[in-house]
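Listing of model_38.cif, mmCIF, C-alpha atoms and all ligand atoms
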data_model
#
loop_
_atom_site.label_atom_id
_atom_site.label_comp_id
_atom_site.auth_asym_id
_atom_site.auth_seq_id
_atom_site.Cartn_x
_atom_site.Cartn_y
_atom_site.Cartn_z
CA MET A 1 -5.32 8.56 12.39
CA ALA A 2 -3.93 12.05 12.98
CA SER A 3 -2.76 11.12 16.45
CA ASN A 4 -1.05 7.99 15.11
CA THR A 5 0.85 10.17 12.71
CA THR A 6 1.83 12.53 15.46
CA SER A 7 3.20 9.76 17.62
CA LEU A 8 4.95 8.21 14.64
CA LYS A 9 6.65 11.53 13.96
CA ALA A 10 7.62 11.82 17.60
CA LEU A 11 9.08 8.34 17.46
CA LEU A 12 11.00 9.10 14.28
CA THR A 13 12.33 12.33 15.69
CA PHE A 14 13.46 10.40 18.73
CA ALA A 15 14.96 7.65 16.58
CA SER A 16 16.83 10.00 14.28
CA GLY A 17 18.15 11.80 17.35
CA LEU A 18 19.58 8.47 18.49
CA LEU A 19 21.09 7.91 15.09
CA SER A 20 23.09 11.07 15.27
CA GLN A 21 24.58 9.96 18.58
CA LEU A 22 25.45 6.39 17.74
CA PRO A 23 27.89 5.05 15.19
CA LEU A 24 24.92 3.91 13.11
CA GLY A 25 23.17 5.49 10.22
CA SER A 26 21.81 4.98 6.79
CA HIS A 27 25.11 5.90 5.23
CA GLN A 28 28.00 3.65 4.40
CA SER A 29 29.72 2.30 7.50
CA SER A 30 33.48 2.55 7.81
CA SER A 31 33.82 -1.18 7.18
CA GLY A 32 32.10 -0.68 3.81
CA GLY A 33 29.20 -2.92 4.86
CA SER A 34 25.60 -1.75 4.73
CA VAL A 35 23.77 -0.77 7.87
CA ALA A 36 20.21 -0.25 8.93
CA SER A 37 18.32 2.84 7.94
CA ILE A 38 15.14 4.09 9.53
CA PRO A 39 12.21 4.54 7.16
CA PHE A 40 11.09 8.16 6.76
CA ALA A 41 14.07 9.55 8.72
CA GLU A 42 15.35 11.33 5.62
CA ALA A 43 11.98 12.14 4.04
CA PRO A 44 10.87 15.74 3.64
CA SER A 45 9.44 17.11 6.84
CA CYS A 46 6.11 18.76 6.18
CA PRO A 47 3.99 21.22 8.13
CA SER A 48 0.97 19.64 9.79
CA ASP A 49 -1.29 22.12 8.00
CA SER A 50 -0.12 20.93 4.57
CA PRO A 51 -3.02 20.98 2.11
CA LEU A 52 -5.01 17.79 1.58
CA SER A 53 -4.24 16.24 -1.80
CA CYS A 54 -7.00 16.58 -4.42
CA HIS A 55 -8.54 19.34 -2.27
CA ASN A 56 -6.37 22.42 -2.81
CA SER A 57 -8.16 25.49 -4.11
CA THR A 58 -4.97 27.38 -4.93
CA ALA A 59 -1.63 26.17 -6.23
CA ALA A 60 0.13 24.21 -3.48
CA LYS A 61 3.63 25.58 -3.00
CA ASP A 62 6.02 22.89 -1.84
CA SER A 63 5.38 19.86 -3.99
CA CYS A 64 7.42 17.63 -1.66
CA CYS A 65 4.65 18.17 0.90
CA PHE A 66 1.74 17.85 -1.49
CA ILE A 67 1.03 14.76 -3.55
CA TYR A 68 0.26 15.95 -7.05
CA PRO A 69 -1.09 15.12 -9.56
CA GLY A 70 -1.67 11.57 -8.24
CA GLY A 71 -3.26 12.73 -5.00
CA GLN A 72 -5.75 9.92 -4.49
CA LEU A 73 -3.86 6.97 -3.00
CA LEU A 74 -5.39 3.52 -3.28
CA SER A 75 -4.31 0.88 -0.81
CA THR A 76 -5.27 -2.28 -2.65
CA GLN A 77 -5.66 -5.82 -1.37
CA PHE A 78 -6.15 -9.29 -2.81
CA TRP A 79 -8.02 -12.34 -1.61
CA ASP A 80 -6.59 -15.24 -3.63
CA ALA A 81 -8.24 -18.52 -2.66
CA ALA A 82 -7.18 -20.92 -5.41
CA PRO A 83 -4.29 -21.21 -5.45
CA ALA A 84 -4.13 -19.74 -1.96
CA VAL A 85 -1.82 -16.78 -1.48
CA GLY A 86 -0.82 -15.66 2.02
CA PRO A 87 -2.31 -16.49 5.42
CA ALA A 88 -5.74 -18.17 5.52
CA ASP A 89 -7.08 -15.43 7.77
CA SER A 90 -5.66 -12.35 6.07
CA TRP A 91 -6.05 -10.52 2.83
CA THR A 92 -2.76 -9.70 1.09
CA LEU A 93 -1.33 -6.40 -0.06
CA HIS A 94 -1.44 -5.63 -3.76
CA GLY A 95 -0.10 -2.09 -3.83
CA LEU A 96 -0.27 1.59 -2.97
CA TRP A 97 -1.31 3.40 -6.11
CA PRO A 98 -1.47 7.12 -6.85
CA ASP A 99 -4.62 7.92 -8.83
CA LEU A 100 -5.40 11.30 -10.32
CA CYS A 101 -8.32 12.77 -8.44
CA ASP A 102 -10.86 11.52 -10.99
CA GLY A 103 -10.52 7.72 -11.04
CA THR A 104 -7.84 7.64 -13.75
CA TYR A 105 -4.19 6.97 -12.99
CA PRO A 106 -0.70 7.46 -14.38
CA THR A 107 1.77 4.57 -14.63
CA PHE A 108 5.53 4.13 -15.11
CA CYS A 109 6.33 7.78 -14.39
CA LYS A 110 9.59 9.61 -13.94
CA SER A 111 9.02 11.31 -10.58
CA ALA A 112 11.29 8.72 -8.98
CA PRO A 113 13.76 6.36 -10.68
CA GLN A 114 12.91 2.81 -11.68
CA TYR A 115 14.70 0.01 -9.85
CA HIS A 116 15.24 -3.67 -10.52
CA ASN A 117 16.74 -4.59 -7.16
CA ILE A 118 14.03 -3.99 -4.55
CA THR A 119 15.04 -6.90 -2.30
CA GLN A 120 18.68 -5.79 -2.45
CA ILE A 121 17.77 -2.22 -1.58
CA LEU A 122 15.69 -3.28 1.40
CA THR A 123 18.26 -5.83 2.53
CA SER A 124 21.16 -3.44 2.31
CA ALA A 125 19.09 -0.87 4.22
CA GLY A 126 18.73 -3.44 7.01
CA GLN A 127 14.96 -3.72 6.54
CA THR A 128 14.62 -7.31 7.70
CA SER A 129 11.33 -6.91 9.52
CA LEU A 130 9.82 -4.94 6.62
CA LEU A 131 10.96 -7.71 4.25
CA ALA A 132 9.48 -10.34 6.57
CA ASP A 133 6.14 -8.51 6.50
CA MET A 134 6.33 -8.26 2.72
CA GLU A 135 7.13 -11.97 2.42
CA THR A 136 4.03 -12.70 4.51
CA TYR A 137 1.56 -10.18 3.13
CA TRP A 138 2.81 -8.62 -0.13
CA LEU A 139 2.65 -11.58 -2.44
CA PRO A 140 2.02 -12.04 -6.16
CA ASN A 141 -0.50 -14.51 -7.54
CA SER A 142 2.14 -15.57 -10.05
CA GLY A 143 5.87 -15.00 -10.50
CA THR A 144 8.44 -14.07 -7.88
CA ASN A 145 8.04 -11.64 -5.01
CA GLU A 146 10.91 -9.55 -6.35
CA HIS A 147 9.30 -9.25 -9.75
CA PHE A 148 5.97 -8.23 -8.20
CA TRP A 149 7.59 -5.64 -5.93
CA GLN A 150 9.55 -4.22 -8.90
CA HIS A 151 6.33 -4.00 -10.85
CA GLU A 152 4.55 -2.16 -8.02
CA TRP A 153 7.43 0.27 -7.57
CA ASN A 154 8.11 0.90 -11.26
CA LYS A 155 4.45 1.14 -12.29
CA HIS A 156 3.04 3.08 -9.31
CA GLY A 157 5.76 4.22 -6.89
CA THR A 158 7.58 6.17 -9.61
CA CYS A 159 4.44 8.31 -10.04
CA VAL A 160 4.49 9.74 -6.51
CA ASN A 161 6.10 13.19 -6.69
CA THR A 162 7.02 13.30 -2.98
CA LEU A 163 9.27 10.26 -3.53
CA ALA A 164 11.46 12.23 -5.95
CA PRO A 165 15.18 12.18 -5.08
CA SER A 166 15.04 16.00 -5.04
CA CYS A 167 12.66 15.81 -2.06
CA TYR A 168 15.50 14.28 -0.06
CA ALA A 169 17.87 17.14 -0.80
CA SER A 170 21.49 16.61 0.16
CA SER A 171 20.77 13.59 2.38
CA TYR A 172 19.55 11.56 -0.62
CA ASN A 173 20.94 8.07 -0.95
CA SER A 174 19.91 5.93 -3.92
CA GLY A 175 17.01 3.69 -2.93
CA VAL A 176 15.97 5.52 0.24
CA GLU A 177 12.66 6.43 -1.44
CA VAL A 178 12.05 2.73 -2.13
CA VAL A 179 12.45 1.92 1.56
CA ASP A 180 10.00 4.70 2.41
CA PHE A 181 7.43 3.61 -0.19
CA PHE A 182 7.37 -0.03 0.87
CA ALA A 183 7.46 0.81 4.59
CA ARG A 184 4.54 3.23 4.31
CA ALA A 185 2.53 0.89 2.07
CA VAL A 186 2.90 -1.93 4.62
CA GLU A 187 2.04 0.39 7.51
CA VAL A 188 -1.15 1.57 5.79
CA PHE A 189 -2.05 -2.02 4.89
CA LYS A 190 -1.72 -3.10 8.51
CA GLY A 191 -4.36 -0.56 9.48
CA LEU A 192 -6.87 -2.07 7.05
CA ASP A 193 -7.87 -5.53 8.27
CA THR A 194 -10.35 -6.61 5.64
CA TYR A 195 -10.62 -10.18 6.91
CA LYS A 196 -11.47 -9.05 10.43
CA ALA A 197 -13.98 -6.41 9.29
CA LEU A 198 -15.81 -8.95 7.16
CA ALA A 199 -15.74 -11.56 9.93
CA ALA A 200 -17.15 -9.01 12.39
CA ALA A 201 -20.16 -8.72 10.09
CA GLY A 202 -20.52 -12.51 9.84
CA ILE A 203 -18.94 -12.62 6.39
CA THR A 204 -16.47 -15.48 6.51
CA PRO A 205 -14.93 -17.57 3.74
CA THR A 206 -17.22 -20.48 2.91
CA HIS A 207 -18.36 -22.75 0.12
CA SER A 208 -21.85 -23.00 1.49
CA LYS A 209 -23.32 -19.54 0.94
CA THR A 210 -23.02 -16.35 -1.02
CA TYR A 211 -23.10 -12.70 -0.01
CA THR A 212 -24.53 -9.52 -1.47
CA LYS A 213 -22.41 -6.60 -2.55
CA ALA A 214 -24.27 -4.36 -0.08
CA GLU A 215 -23.44 -6.65 2.86
CA ILE A 216 -19.76 -6.68 1.94
CA GLN A 217 -19.66 -2.95 1.24
CA ASP A 218 -21.38 -2.12 4.54
CA ALA A 219 -18.92 -4.29 6.48
CA LEU A 220 -15.86 -2.77 4.79
CA THR A 221 -17.10 0.80 5.05
CA GLN A 222 -16.62 0.29 8.80
CA VAL A 223 -12.86 0.03 8.30
CA THR A 224 -12.21 3.69 7.42
CA GLY A 225 -15.68 5.22 7.26
CA SER A 226 -15.44 5.49 3.47
CA GLU A 227 -16.69 3.26 0.70
CA VAL A 228 -14.36 0.58 -0.65
CA VAL A 229 -14.00 -0.54 -4.27
CA LEU A 230 -14.75 -4.26 -4.48
CA GLY A 231 -13.32 -6.53 -7.15
CA CYS A 232 -14.63 -9.91 -8.22
CA SER A 233 -13.46 -12.57 -10.62
CA TYR A 234 -16.05 -15.08 -11.85
CA GLY A 235 -18.38 -13.84 -9.10
CA LYS A 236 -15.77 -14.49 -6.43
CA LEU A 237 -14.69 -11.65 -4.19
CA ASN A 238 -10.96 -11.13 -4.71
CA GLN A 239 -10.04 -7.45 -4.31
CA ALA A 240 -10.72 -4.51 -2.01
CA TRP A 241 -9.37 -1.01 -2.61
CA TYR A 242 -9.31 1.69 0.07
CA SER A 243 -9.02 5.33 -1.04
CA PHE A 244 -7.14 8.11 0.74
CA ASN A 245 -6.10 11.70 0.29
CA VAL A 246 -2.97 12.81 2.08
CA LYS A 247 -1.97 15.92 4.02
CA GLY A 248 1.75 16.15 3.37
CA SER A 249 4.00 13.57 1.74
CA LEU A 250 3.40 9.87 1.15
CA GLN A 251 6.28 9.22 3.51
CA THR A 252 5.14 11.11 6.61
CA GLY A 253 1.79 12.71 5.81
CA SER A 254 -1.60 11.90 7.33
CA PHE A 255 -3.74 9.58 5.26
CA VAL A 256 -7.36 10.72 5.26
CA ALA A 257 -9.89 8.15 4.06
CA THR A 258 -12.12 9.28 1.23
CA ALA A 259 -14.73 7.92 -1.14
CA PRO A 260 -13.44 6.38 -4.36
CA ALA A 261 -12.98 9.05 -7.04
CA GLY A 262 -14.87 8.97 -10.31
CA LYS A 263 -18.13 7.03 -10.41
CA GLY A 264 -17.23 4.78 -7.50
CA GLY A 265 -13.97 3.55 -8.94
CA ARG A 266 -13.47 0.46 -11.02
CA GLY A 267 -15.33 -2.14 -8.97
CA ASN A 268 -16.96 -4.99 -10.84
CA CYS A 269 -18.74 -7.27 -8.36
CA PRO A 270 -22.29 -8.40 -9.06
CA THR A 271 -25.08 -7.13 -6.79
CA ARG A 272 -25.69 -10.54 -5.22
CA GLY A 273 -24.50 -14.13 -5.30
CA ILE A 274 -20.91 -13.19 -4.47
CA ARG A 275 -18.74 -16.06 -3.30
CA TYR A 276 -16.03 -15.54 -0.69
CA LEU A 277 -14.08 -18.78 -0.72
CA PRO A 278 -11.70 -20.23 1.85
CA LYS A 279 -8.08 -20.23 0.78
CA ARG A 280 -7.26 -23.65 -0.60
CA GLY A 281 -5.38 -25.70 1.95
CA SER A 282 -7.05 -24.00 4.89
CA SER A 283 -8.98 -26.36 7.13
CA SER A 284 -12.50 -25.44 6.05
CA VAL A 285 -11.91 -26.15 2.37
CA ASP A 286 -14.29 -28.63 0.78
CA SER A 287 -12.14 -30.39 -1.79
CA GLU A 288 -14.97 -31.23 -4.18
CA ASP A 289 -16.07 -27.60 -4.42
CA THR A 290 -12.48 -26.52 -4.80
CA MET A 291 -12.09 -28.79 -7.79
CA ASN A 292 -15.19 -27.28 -9.37
CA ASP A 293 -13.80 -23.82 -8.77
CA ALA A 294 -10.54 -24.75 -10.41
CA GLN A 295 -12.43 -25.95 -13.47
CA ASN A 296 -14.46 -22.76 -13.60
CA GLU A 297 -11.25 -20.76 -13.75
CA LEU A 298 -10.07 -22.44 -16.94
C1 LIG B 1 -3.41 22.44 -6.74
O1 LIG B 1 -1.99 22.46 -6.69
C2 LIG B 1 -1.35 22.10 -7.90
C3 LIG B 1 0.15 22.03 -7.63
O2 LIG B 1 0.63 23.24 -7.16
C4 LIG B 1 -1.71 23.08 -8.99
O3 LIG B 1 -1.09 22.71 -10.20
C5 LIG B 1 -3.22 23.07 -9.15
O4 LIG B 1 -3.60 24.03 -10.11
C6 LIG B 1 -3.86 23.40 -7.82
N1 LIG B 1 -5.35 23.31 -7.95
C7 LIG B 1 -6.11 24.40 -7.85
C8 LIG B 1 -7.58 24.16 -7.99
O5 LIG B 1 -5.67 25.51 -7.65
C1 LIG B 2 20.17 -0.90 -6.98
O1 LIG B 2 20.28 -0.55 -8.34
C2 LIG B 2 20.75 0.77 -8.57
C3 LIG B 2 20.79 1.02 -10.08
O2 LIG B 2 19.62 0.66 -10.70
C4 LIG B 2 22.15 0.96 -8.00
O3 LIG B 2 22.56 2.29 -8.18
C5 LIG B 2 22.13 0.63 -6.53
O4 LIG B 2 23.44 0.66 -6.03
C6 LIG B 2 21.51 -0.76 -6.29
N1 LIG B 2 21.38 -0.92 -4.85
C7 LIG B 2 21.80 -1.99 -4.21
C8 LIG B 2 21.62 -1.99 -2.72
O5 LIG B 2 22.31 -2.94 -4.77
#
Show how you would write the structure in this file as structure tokens.
Amino acid sequence: MASNTTSLKALLTFASGLLSQLPLGSHQSSSGGSVASIPFAEAPSCPSDSPLSCHNSTAAKDSCCFIYPGGQLLSTQFWDAAPAVGPADSWTLHGLWPDLCDGTYPTFCKSAPQYHNITQILTSAGQTSLLADMETYWLPNSGTNEHFWQHEWNKHGTCVNTLAPSCYASSYNSGVEVVDFFARAVEVFKGLDTYKALAAAGITPTHSKTYTKAEIQDALTQVTGSEVVLGCSYGKLNQAWYSFNVKGSLQTGSFVATAPAGKGGRGNCPTRGIRYLPKRGSSSVDSEDTMNDAQNEL
């Protein structure tokens, strides 16, 4: 993970070098139109020996390089089978949430401003491939994408101190922190392939058998080396949360996997008899069972 971050930084340094030489940039173009920006290019640059969030033994000096107080970041995923949300062979992204280091969490904070135009911000920043990823993987189980993304930003993103406009100093442009938050959340998500890790352990979506919590936990602990918080609804597996501490900022820091804080987090799956159902509409769905499931949900 550390080496990924290093190469990412090298790439960004290279890319922002290019930006200064070409008539491109994240600022207004002369024609008044909007142009592409590069995620993280304007984020605070942090020393590689920045303290690990939730682990400092003395006061950490530069708060733009130290996530505090919400230093435990949860990358959370959904598995929504009925109705199906997202690809049949992938979990979807729920959010990237800053928790305090004890299993509790702040919401709707004032570290960064609220926004009600996430799609517009990403579009005007030229983030078409980020938006395409979000339209594939970052999906609500009800309501519009835009509303869900606003909710995630306003409830959780605004609580991350390193996303504060002041961390961008004089180069701050309204909304740049939103681009960075969504870009980093998607990047972290892409490193956490829950579907594949479960499949590698023989845990595939099916109507014909159930799984134990220990089997699922063991399979998903392989993803980062740390325990995952599992969520169930009516005995059906539908959430997985991965916990991280960060050295540096959310934008450019290294994410270090860690155990869930506070009594193993807020997982609620039963010990055994857990169902992991195919997404409705995918080829292996048994329609009769699906109907029964739908009735159970009512
Ligand atoms: C960790 O850093 C924060 C922010 O500077 C500070 O408020 C907190 O007291 C520090 N924790 C310890 C144990 O020193
Ligand atoms: C998004 O909304 C904010 C105000 O909430 C505004 O300042 C900004 O210009 C908007 N951005 C875009 C790209 O429309």
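CA of Pro69 in chain A sits 7.9 Å away from atom O1 of ligand LIG 1 (chain B).
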Exercise. What is the distance between CA of Gln251 in chain A and CA of Asp49 in chain A, in Å to one decimal?
Worked result: 15.6 Å
For this session: Please check which protein, DNA or RNA residues sit within 10 Å of ligand LIG 2 (chain B), counting all atoms listed in the file, and write them as a list in words.
Result: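 These are the residues that qualify: Ser34, Pro113, Gln114, Tyr115, His116, Asn117, Ile118, Thr119, Gln120, Ile121, Leu122, Thr123, Ser124, Ala125, Asn173, Ser174, Gly175 and Val176 of chain A.
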For this session: Kindly work out which residues sit at most 6 Å from ligand LIG 1 (chain B), using only C-alpha atoms and all ligand atoms, and give the list as a PyMOL selection string.
Result: chain A and resi 56-61
For this session: Check the smallest atom-to-atom distance from each of A:Asn154, A:Thr194, A:Ser226, A:Ser63 to Asn238 in chain A using only C-alpha atoms, then report the winner.
Result: A:Thr194
Contacts of Phe189 in chain A at 10 Å (only C-alpha atoms; same-chain gap of 4+ positions) as a CSV table (one decimal) with C-alpha atoms, in the frame of the given file:
chain,number,residue,atom,x,y,z
A,75,SER,CA,-4.3,0.9,-0.8
A,76,THR,CA,-5.3,-2.3,-2.6
A,77,GLN,CA,-5.7,-5.8,-1.4
A,91,TRP,CA,-6.0,-10.5,2.8
A,92,THR,CA,-2.8,-9.7,1.1
A,93,LEU,CA,-1.3,-6.4,-0.1
A,94,HIS,CA,-1.4,-5.6,-3.8
A,95,GLY,CA,-0.1,-2.1,-3.8
A,96,LEU,CA,-0.3,1.6,-3.0
A,137,TYR,CA,1.6,-10.2,3.1
A,138,TRP,CA,2.8,-8.6,-0.1
A,183,ALA,CA,7.5,0.8,4.6
A,184,ARG,CA,4.5,3.2,4.3
A,185,ALA,CA,2.5,0.9,2.1
A,193,ASP,CA,-7.9,-5.5,8.3
A,194,THR,CA,-10.4,-6.6,5.6
A,242,TYR,CA,-9.3,1.7,0.1
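We find CA of Thr128 in chain A and CA of Ala81 in chain A to be spaced 27.5 Å apart.
Of the residues under consideration (A:Val228, A:Cys167, A:Leu277, A:Ala257), A:Leu277 shows the shortest atom-to-atom contact distance to Lys209 in chain A when counting all atoms listed in the file.
Take the candidates A:Ala82, A:Val186, A:Leu139, A:Leu73 and check each one against Pro106 in chain A using only C-alpha atoms; the shortest distance goes to A:Leu73.
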Extract, using all atoms listed in the file, all DNA, RNA and protein residues at most 8 Å from range 212-218 of chain A, discarding same-chain residues fewer than 2 positions from it, and format them as a compact mmCIF listing (two decimals) with C-alpha atoms, in the coordinates of the input.
# COMPACT_ATOMS: atom_id res chain seq x y z
CA LEU A 198 -15.81 -8.95 7.16
CA ILE A 203 -18.94 -12.62 6.39
CA THR A 210 -23.02 -16.35 -1.02
CA LEU A 220 -15.86 -2.77 4.79
CA THR A 221 -17.10 0.80 5.05
CA GLN A 222 -16.62 0.29 8.80
CA GLU A 227 -16.69 3.26 0.70
CA VAL A 228 -14.36 0.58 -0.65
CA LEU A 230 -14.75 -4.26 -4.48
CA CYS A 269 -18.74 -7.27 -8.36
CA PRO A 270 -22.29 -8.40 -9.06
CA THR A 271 -25.08 -7.13 -6.79
CA ARG A 272 -25.69 -10.54 -5.22
CA GLY A 273 -24.50 -14.13 -5.30
CA ILE A 274 -20.91 -13.19 -4.47
Exercise. Nearest to Leu237 in chain A among A:Trp153, A:Tyr195, A:Phe255, A:Tyr276, with distances taken over all atoms listed in the file: which residue is it?
Worked result: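 Selected residue with least distance to Leu237 in chain A: A:Tyr276.
Summary of the local environment: counting only C-alpha atoms, residues at most 9 Å from Leu250 in chain A, other than itself and those fewer than 5 positions away along its chain, are Cys65, Phe66, Ile67, Leu73, Val160, Asn161, Thr162, Leu163, Asp180, Phe181, Arg184 and Phe255 of chain A.
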